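Below is input_6.txt, which holds compact mmCIF, C-alpha atoms.
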```txt
# COMPACT_ATOMS: atom_id res chain seq x y z
CA MET A 29 145.81 122.83 103.66
CA ASP A 30 147.40 120.11 105.81
CA LYS A 31 148.72 117.84 103.06
CA ALA A 32 149.88 115.14 105.49
CA LYS A 33 146.45 114.95 107.12
CA ILE A 34 144.75 114.89 103.72
CA ALA A 35 147.00 112.03 102.58
CA GLU A 36 146.15 110.11 105.76
CA HIS A 37 142.44 110.51 105.16
CA ARG A 38 142.77 109.55 101.51
CA ASP A 39 144.44 106.30 102.59
CA PHE A 40 141.31 105.50 104.59
CA LEU A 41 139.35 105.51 101.33
CA LYS A 42 141.60 102.79 99.88
CA ASP A 43 141.30 99.08 100.56
CA SER A 44 145.03 98.65 101.21
CA LEU A 45 144.44 97.93 104.91
CA ARG A 46 142.79 94.61 104.06
CA GLN A 47 146.12 93.23 102.82
CA THR A 48 147.67 93.72 106.27
CA ILE A 49 145.01 91.84 108.27
CA ASN A 50 145.13 88.18 109.24
CA PHE A 51 141.42 87.37 109.23
CA ARG A 52 142.03 84.07 111.03
CA PHE A 53 142.23 86.12 114.23
CA THR A 54 138.89 87.87 113.94
CA ASP A 55 136.30 87.07 116.58
CA GLN A 56 134.29 85.24 113.93
CA HIS A 57 137.16 82.87 113.12
CA GLN A 58 137.95 82.47 116.82
CA GLY A 59 134.48 81.02 117.35
CA VAL A 60 132.98 83.98 119.24
CA GLU A 61 129.20 84.10 118.92
CA PRO A 62 127.98 86.86 116.59
CA PRO A 63 126.39 89.93 118.16
CA PRO A 64 122.57 90.12 117.94
CA ILE A 65 121.02 91.75 114.89
CA GLN A 66 119.04 94.26 116.96
CA LYS A 67 119.13 95.80 120.39
CA PRO A 68 116.53 94.38 122.76
CA SER A 69 113.52 96.24 124.02
CA TRP A 70 112.53 96.13 127.67
CA PRO A 71 109.22 94.79 129.07
CA GLU A 72 108.26 98.22 130.43
CA GLN A 73 108.67 99.91 127.05
CA LYS A 74 105.65 100.63 124.88
CA LEU A 75 105.65 98.51 121.71
CA ILE A 76 103.80 99.76 118.64
CA GLU A 77 103.01 97.21 115.93
CA LEU A 78 103.48 98.58 112.42
CA PRO A 79 101.32 98.04 109.32
CA GLY A 80 102.72 95.45 106.93
CA THR A 81 102.77 94.93 103.16
CA GLU A 82 99.01 94.45 102.99
CA ASP A 83 98.62 98.13 103.91
CA TRP A 84 101.05 99.40 101.27
CA THR A 85 99.10 98.66 98.10
CA SER A 86 98.51 102.37 97.47
CA PHE A 87 102.28 102.93 97.37
CA ARG A 88 102.75 100.62 94.39
CA GLY A 89 103.15 101.95 90.88
CA THR A 90 106.01 104.41 91.32
CA ASP A 91 108.26 104.03 88.30
CA LEU A 92 111.84 103.31 89.33
CA LEU A 93 113.25 105.29 86.43
CA ASP A 94 111.17 108.30 87.46
CA ALA A 95 112.17 107.90 91.10
CA ILE A 96 115.88 107.89 90.22
CA THR A 97 115.56 110.70 87.68
CA ASN A 98 113.64 112.93 90.08
CA ARG A 99 115.67 112.09 93.17
CA LYS A 100 116.90 115.19 94.95
CA SER A 101 117.37 116.49 98.47
CA HIS A 102 114.41 118.33 100.00
CA ARG A 103 114.91 120.93 102.72
CA SER A 104 111.37 122.30 102.87
CA PHE A 105 108.25 120.40 103.87
CA LYS A 106 104.50 121.05 103.83
CA GLY A 107 103.97 120.38 107.52
CA GLU A 108 101.51 117.55 106.83
CA SER A 109 101.57 114.42 108.95
CA LEU A 110 102.74 111.01 107.83
CA SER A 111 100.47 108.02 108.33
CA LEU A 112 101.72 105.07 110.35
CA ALA A 113 101.56 102.94 107.18
CA GLU A 114 103.81 105.41 105.35
CA LEU A 115 106.33 105.41 108.18
CA ALA A 116 106.26 101.60 108.32
CA PHE A 117 106.94 101.44 104.58
CA LEU A 118 109.97 103.73 104.89
CA LEU A 119 111.34 101.71 107.80
CA TRP A 120 110.94 98.41 105.97
CA SER A 121 112.50 99.89 102.82
CA THR A 122 115.61 100.97 104.69
CA GLN A 123 116.23 98.27 107.31
CA GLY A 124 113.44 95.70 106.96
CA ILE A 125 114.28 92.03 107.40
CA LYS A 126 113.36 89.69 104.55
CA LYS A 127 114.75 86.50 106.07
CA GLU A 128 116.73 85.45 109.14
CA LEU A 129 119.52 83.13 108.02
CA ALA A 130 121.19 82.25 111.33
CA PRO A 131 121.81 83.79 114.75
CA GLY A 132 123.20 87.26 114.16
CA THR A 133 122.58 87.18 110.40
CA ALA A 134 119.60 88.31 108.33
CA LEU A 135 118.85 89.41 104.79
CA ARG A 136 117.51 92.95 104.64
CA THR A 137 116.23 95.38 102.04
CA ALA A 138 119.59 97.18 101.81
CA PRO A 139 122.99 95.52 101.21
CA SER A 140 125.64 95.30 103.91
CA ALA A 141 129.21 94.01 103.84
CA GLY A 142 129.24 90.43 105.09
CA CYS A 143 125.53 90.72 105.89
CA ARG A 144 126.49 92.43 109.16
CA HIS A 145 123.99 95.35 109.18
CA PRO A 146 125.53 97.33 112.04
CA PHE A 147 122.86 100.03 112.32
CA GLU A 148 119.98 100.85 114.64
CA THR A 149 117.23 103.16 113.39
CA TYR A 150 115.99 105.83 115.79
CA LEU A 151 113.10 108.10 114.88
CA LEU A 152 112.66 111.64 116.13
CA ILE A 153 108.92 111.93 115.56
CA SER A 154 107.02 115.20 115.65
CA ASN A 155 104.13 114.67 113.19
CA VAL A 156 103.07 111.07 112.59
CA GLU A 157 99.42 110.10 112.97
CA GLY A 158 98.72 108.27 116.21
CA LEU A 159 102.18 108.77 117.73
CA GLU A 160 103.24 111.14 120.50
CA VAL A 161 106.14 113.49 119.93
CA GLY A 162 109.25 111.68 121.02
CA VAL A 163 112.12 109.31 120.34
CA TYR A 164 111.34 105.86 118.97
CA ARG A 165 113.43 102.91 117.76
CA TYR A 166 112.65 100.47 114.96
CA LEU A 167 112.64 96.75 115.79
CA PRO A 168 113.14 95.09 112.39
CA ILE A 169 112.63 91.53 113.67
CA GLU A 170 109.15 92.35 114.98
CA HIS A 171 108.53 95.13 112.40
CA ALA A 172 107.49 97.33 115.29
CA LEU A 173 108.43 100.52 117.08
CA VAL A 174 109.49 100.87 120.67
CA LEU A 175 108.97 104.19 122.44
CA GLU A 176 112.25 105.27 123.98
CA ARG A 177 110.78 108.41 125.53
CA GLU A 178 108.26 111.17 124.93
CA ASP A 179 109.88 114.58 124.49
CA GLU A 180 107.78 117.72 124.00
CA ASP A 181 110.93 119.78 123.41
CA LEU A 182 112.22 117.53 120.63
CA VAL A 183 111.69 120.03 117.80
CA GLU A 184 113.62 122.74 119.66
CA LYS A 185 116.54 120.37 120.24
CA LEU A 186 117.01 119.48 116.57
CA PRO A 187 118.56 122.68 115.13
CA PRO A 188 121.46 122.85 117.63
CA ALA A 189 122.03 119.10 117.26
CA THR A 190 122.25 119.53 113.48
CA LEU A 191 124.58 122.56 113.61
CA GLY A 192 121.85 125.06 112.82
CA GLN A 193 120.18 123.19 109.96
CA THR A 194 116.71 124.42 110.87
CA PHE A 195 114.89 122.47 108.17
CA SER A 196 115.32 119.39 110.38
CA ALA A 197 112.84 120.90 112.84
CA ALA A 198 110.19 121.21 110.09
CA ALA A 199 110.25 117.48 109.23
CA SER A 200 107.54 115.08 110.34
CA VAL A 201 110.19 112.56 111.35
CA THR A 202 113.96 112.47 111.36
CA PHE A 203 115.62 109.12 110.75
CA VAL A 204 118.75 108.80 112.89
CA TRP A 205 121.01 105.85 112.17
CA THR A 206 123.39 104.84 114.90
CA VAL A 207 126.13 102.30 114.38
CA ILE A 208 127.20 99.46 116.65
CA PRO A 209 130.66 98.93 115.10
CA TYR A 210 131.31 95.55 116.72
CA ARG A 211 128.66 93.91 114.53
CA THR A 212 130.98 94.48 111.56
CA GLU A 213 134.27 94.35 113.50
CA TRP A 214 133.32 90.81 114.60
CA ARG A 215 133.95 89.69 111.01
CA TYR A 216 136.32 92.30 109.56
CA THR A 217 138.20 93.75 112.58
CA THR A 218 139.90 97.04 111.54
CA ALA A 219 138.70 96.71 107.94
CA ALA A 220 135.14 97.19 109.24
CA HIS A 221 135.02 100.95 109.45
CA ARG A 222 135.42 101.77 105.78
CA VAL A 223 132.62 99.40 104.74
CA ILE A 224 130.34 100.66 107.52
CA LEU A 225 130.32 104.05 105.80
CA MET A 226 129.46 102.40 102.48
CA ASP A 227 126.64 100.47 104.13
CA VAL A 228 124.94 103.52 105.62
CA GLY A 229 124.95 105.14 102.18
CA HIS A 230 123.02 102.17 100.79
CA VAL A 231 120.43 102.55 103.56
CA CYS A 232 119.90 106.27 102.98
CA GLN A 233 119.58 105.88 99.21
CA ASN A 234 116.76 103.40 99.83
CA LEU A 235 115.07 106.09 101.92
CA TYR A 236 115.34 108.61 99.08
CA LEU A 237 113.74 106.22 96.60
CA ALA A 238 111.04 104.99 98.99
CA CYS A 239 110.06 108.60 99.75
CA ALA A 240 109.13 109.00 96.08
CA ALA A 241 106.37 106.43 96.50
CA ILE A 242 104.60 108.38 99.25
CA SER A 243 105.04 111.98 98.03
CA CYS A 244 107.72 112.66 100.60
CA GLY A 245 111.19 114.11 100.46
CA THR A 246 114.33 113.77 102.52
CA CYS A 247 117.81 115.19 102.81
CA ALA A 248 120.80 113.21 104.03
CA VAL A 249 122.62 115.02 106.85
CA ALA A 250 126.23 114.17 107.66
CA ALA A 251 127.04 117.40 109.54
CA TYR A 252 125.83 117.35 113.14
CA ASN A 253 126.96 117.83 116.71
CA GLN A 254 128.08 114.34 117.67
CA GLN A 255 127.59 114.76 121.40
CA LEU A 256 124.15 116.37 121.13
CA MET A 257 122.87 113.79 118.64
CA ASP A 258 124.11 110.92 120.78
CA GLN A 259 122.43 112.47 123.80
CA LEU A 260 119.22 112.96 121.85
CA VAL A 261 118.91 109.24 121.08
CA ASP A 262 120.54 108.25 124.39
CA VAL A 263 123.52 106.19 123.18
CA ASP A 264 126.92 105.98 124.85
CA GLY A 265 128.98 107.48 122.02
CA ILE A 266 131.54 104.66 122.24
CA ASP A 267 130.02 101.28 121.47
CA GLU A 268 127.08 102.94 119.72
CA PHE A 269 126.94 106.40 118.18
CA THR A 270 125.15 108.47 115.56
CA ILE A 271 126.54 108.08 112.06
CA TYR A 272 123.94 109.60 109.69
CA LEU A 273 120.51 111.20 109.74
CA ALA A 274 117.76 112.24 107.35
CA PRO A 275 114.69 114.41 108.03
CA VAL A 276 111.55 113.31 106.14
CA GLY A 277 108.39 115.24 105.36
CA LYS A 278 105.61 115.66 102.80
CA CYS A 279 106.60 117.68 99.74
```

Mind converting the file's structure to structure tokens?
Amino acid sequence: MDKAKIAEHRDFLKDSLRQTINFRFTDQHQGVEPPPIQKPSWPEQKLIELPGTEDWTSFRGTDLLDAITNRKSHRSFKGESLSLAELAFLLWSTQGIKKELAPGTALRTAPSAGCRHPFETYLLISNVEGLEVGVYRYLPIEHALVLEREDEDLVEKLPPATLGQTFSAAASVTFVWTVIPYRTEWRYTTAAHRVILMDVGHVCQNLYLACAAISCGTCAVAAYNQQLMDQLVDVDGIDEFTIYLAPVGKC
């Protein structure tokens, strides 16, 4: 093993870097406006309104202790479709906005360092009632979906993009979280990247627990082909790139 490289990567896990940063020189302290809390949609894109809390009454009653006790990764799915209400519930549970506090800042259903929430949620949908097969993006402010593009070959593209993890192609929907690092760098500069990885873990754990309420399962995936995944959701790989994904299906 490369002991020097291992030591370097272990240092990344420590918070020692914070002691070397003068936070008075961050963009936040220099008076730069915060980046927006979500990417915009374009007028020509199809917008799909999502069901809200009034449509989730049937999901209530899942015991939290049971959900945590029974939490596990699922790599096989029944092939049944998800309803739009079920998908909306999972989206709200992972990145839903509870309250906008100020420009560039909002309280959400998952914690984030400095309330920065640097993620965008893309959905690779193959089996959701009422939706065409394709790539969608969640708009948390509007609690809506925007269709990025229809893609009949989406299922075939998933295994190579996930390094041969074929169970991803059997899911009804794959959640793909991309990160826009500047949202967190604006406040924390080079200390941002360690906490970004913590933040995305919070988001995915919410997905695991929310799946328990709708008889679904998921499996966090951190091994993927970076270039292929970025191409699949059409991000530049520099200012925005894939950081985590999780296929979801009925179990």

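For the residues A:Ser86, A:Thr270, A:Gln66, A:Ser111, ranking by smallest atom-to-atom distance to A:Gly158 using all atoms listed in the file places A:Ser111 first.
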
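Among the candidates A:Glu213, A:Glu160, A:Glu82, A:Asp267, the one nearest to A:Leu175 when counting all atoms listed in the file is A:Glu160.
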
Once you count all atoms listed in the file, what closest atom pair and distance in Å to one decimal does each residue of stretch 34-85 of chain A within 8 Å of stretch 113-137 of chain A have, with rows by chain and rising residue number, as CSV?
```
residue,atom,partner,partner_atom,distance
A:Pro62,CA,A:Gly132,CA,5.4
A:Pro63,CA,A:Gly132,CA,5.8
A:Pro64,CA,A:Gly132,CA,4.8
A:Ile65,CA,A:Gly132,CA,5.0
A:Leu78,CA,A:Ala116,CA,5.8
A:Pro79,CA,A:Ala113,CA,5.4
A:Gly80,CA,A:Ala116,CA,7.2
A:Thr81,CA,A:Phe117,CA,7.9
A:Asp83,CA,A:Ala113,CA,6.5
A:Trp84,CA,A:Ala113,CA,6.9
```

Excluding A:Glu157 and residues on its chain fewer than 2 positions from it, collect all residues at most 9 Å away from it, counting only C-alpha atoms, and give them as a ChimeraX atom specification. /A:109-112,155,159-160

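Closest approach to A:Glu148 among A:Thr217, A:Thr190, A:Ser101, A:Thr206: A:Thr206, based on all atoms listed in the file.
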
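If you look at atom CA of A:Ala251 and atom CA of A:Gly142, they are 27.4 Å away from each other.
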
Can you tell me, as a ChimeraX atom specification, which residues sit within 10 Å of (118.6, 112.9, 123.8) in the file's frame, using all atoms listed in the file? /A:152,162-163,176-177,179,182,185-186,189,255-263

Surrounding residues of A:Ile271 excluding itself and chain neighbours under 5 positions, 10 Å, only C-alpha atoms, as a ChimeraX atom specification: /A:147,204-208,224-225,228,249-252,254,257-258

Between atom CA of A:Thr246 and atom CA of A:Tyr272, what is the spacing in Å? 12.7 Å

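Atom CA of A:Arg211 lies 21.6 Å from atom CA of A:Ser44.
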
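Remark: for A:Thr149, the closest of the candidate residues A:Phe105, A:Tyr210, A:Phe87, A:Phe203 is A:Phe203 (distances computed over all atoms listed in the file).
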
Which residue out of A:Tyr150, A:Ile242, A:Lys33, A:Gln47 has the minimum interatomic distance to A:Leu273 when all atoms listed in the file are used? A:Tyr150

Draw an axis-aligned box over all listed atoms of stretch 98-101 of chain A, pad each side with 5 Å, and write its centre and edge lengths in Å, one decimal, as AutoDock Vina command-line options.
```
--center_x 115.5 --center_y 114.3 --center_z 94.3 --size_x 13.7 --size_y 14.4 --size_z 18.4
```

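Among the candidate residues A:Thr48, A:Thr212, A:Asn98, A:Ser200, the one lying nearest to A:Pro146 is A:Thr212, with distances computed using only C-alpha atoms.
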
Per residue of stretch 188-233 of chain A within 7 Å of stretch 52-60 of chain A, note the shortest atom pair and the distance in Å to one decimal, counting all atoms listed in the file, and order the rows by chain and increasing residue number, as CSV.
```
residue,atom,partner,partner_atom,distance
A:Trp214,CA,A:Asp55,CA,5.2
A:Arg215,CA,A:Gln56,CA,5.3
A:Tyr216,CA,A:Thr54,CA,6.7
A:Thr217,CA,A:Thr54,CA,6.1
```
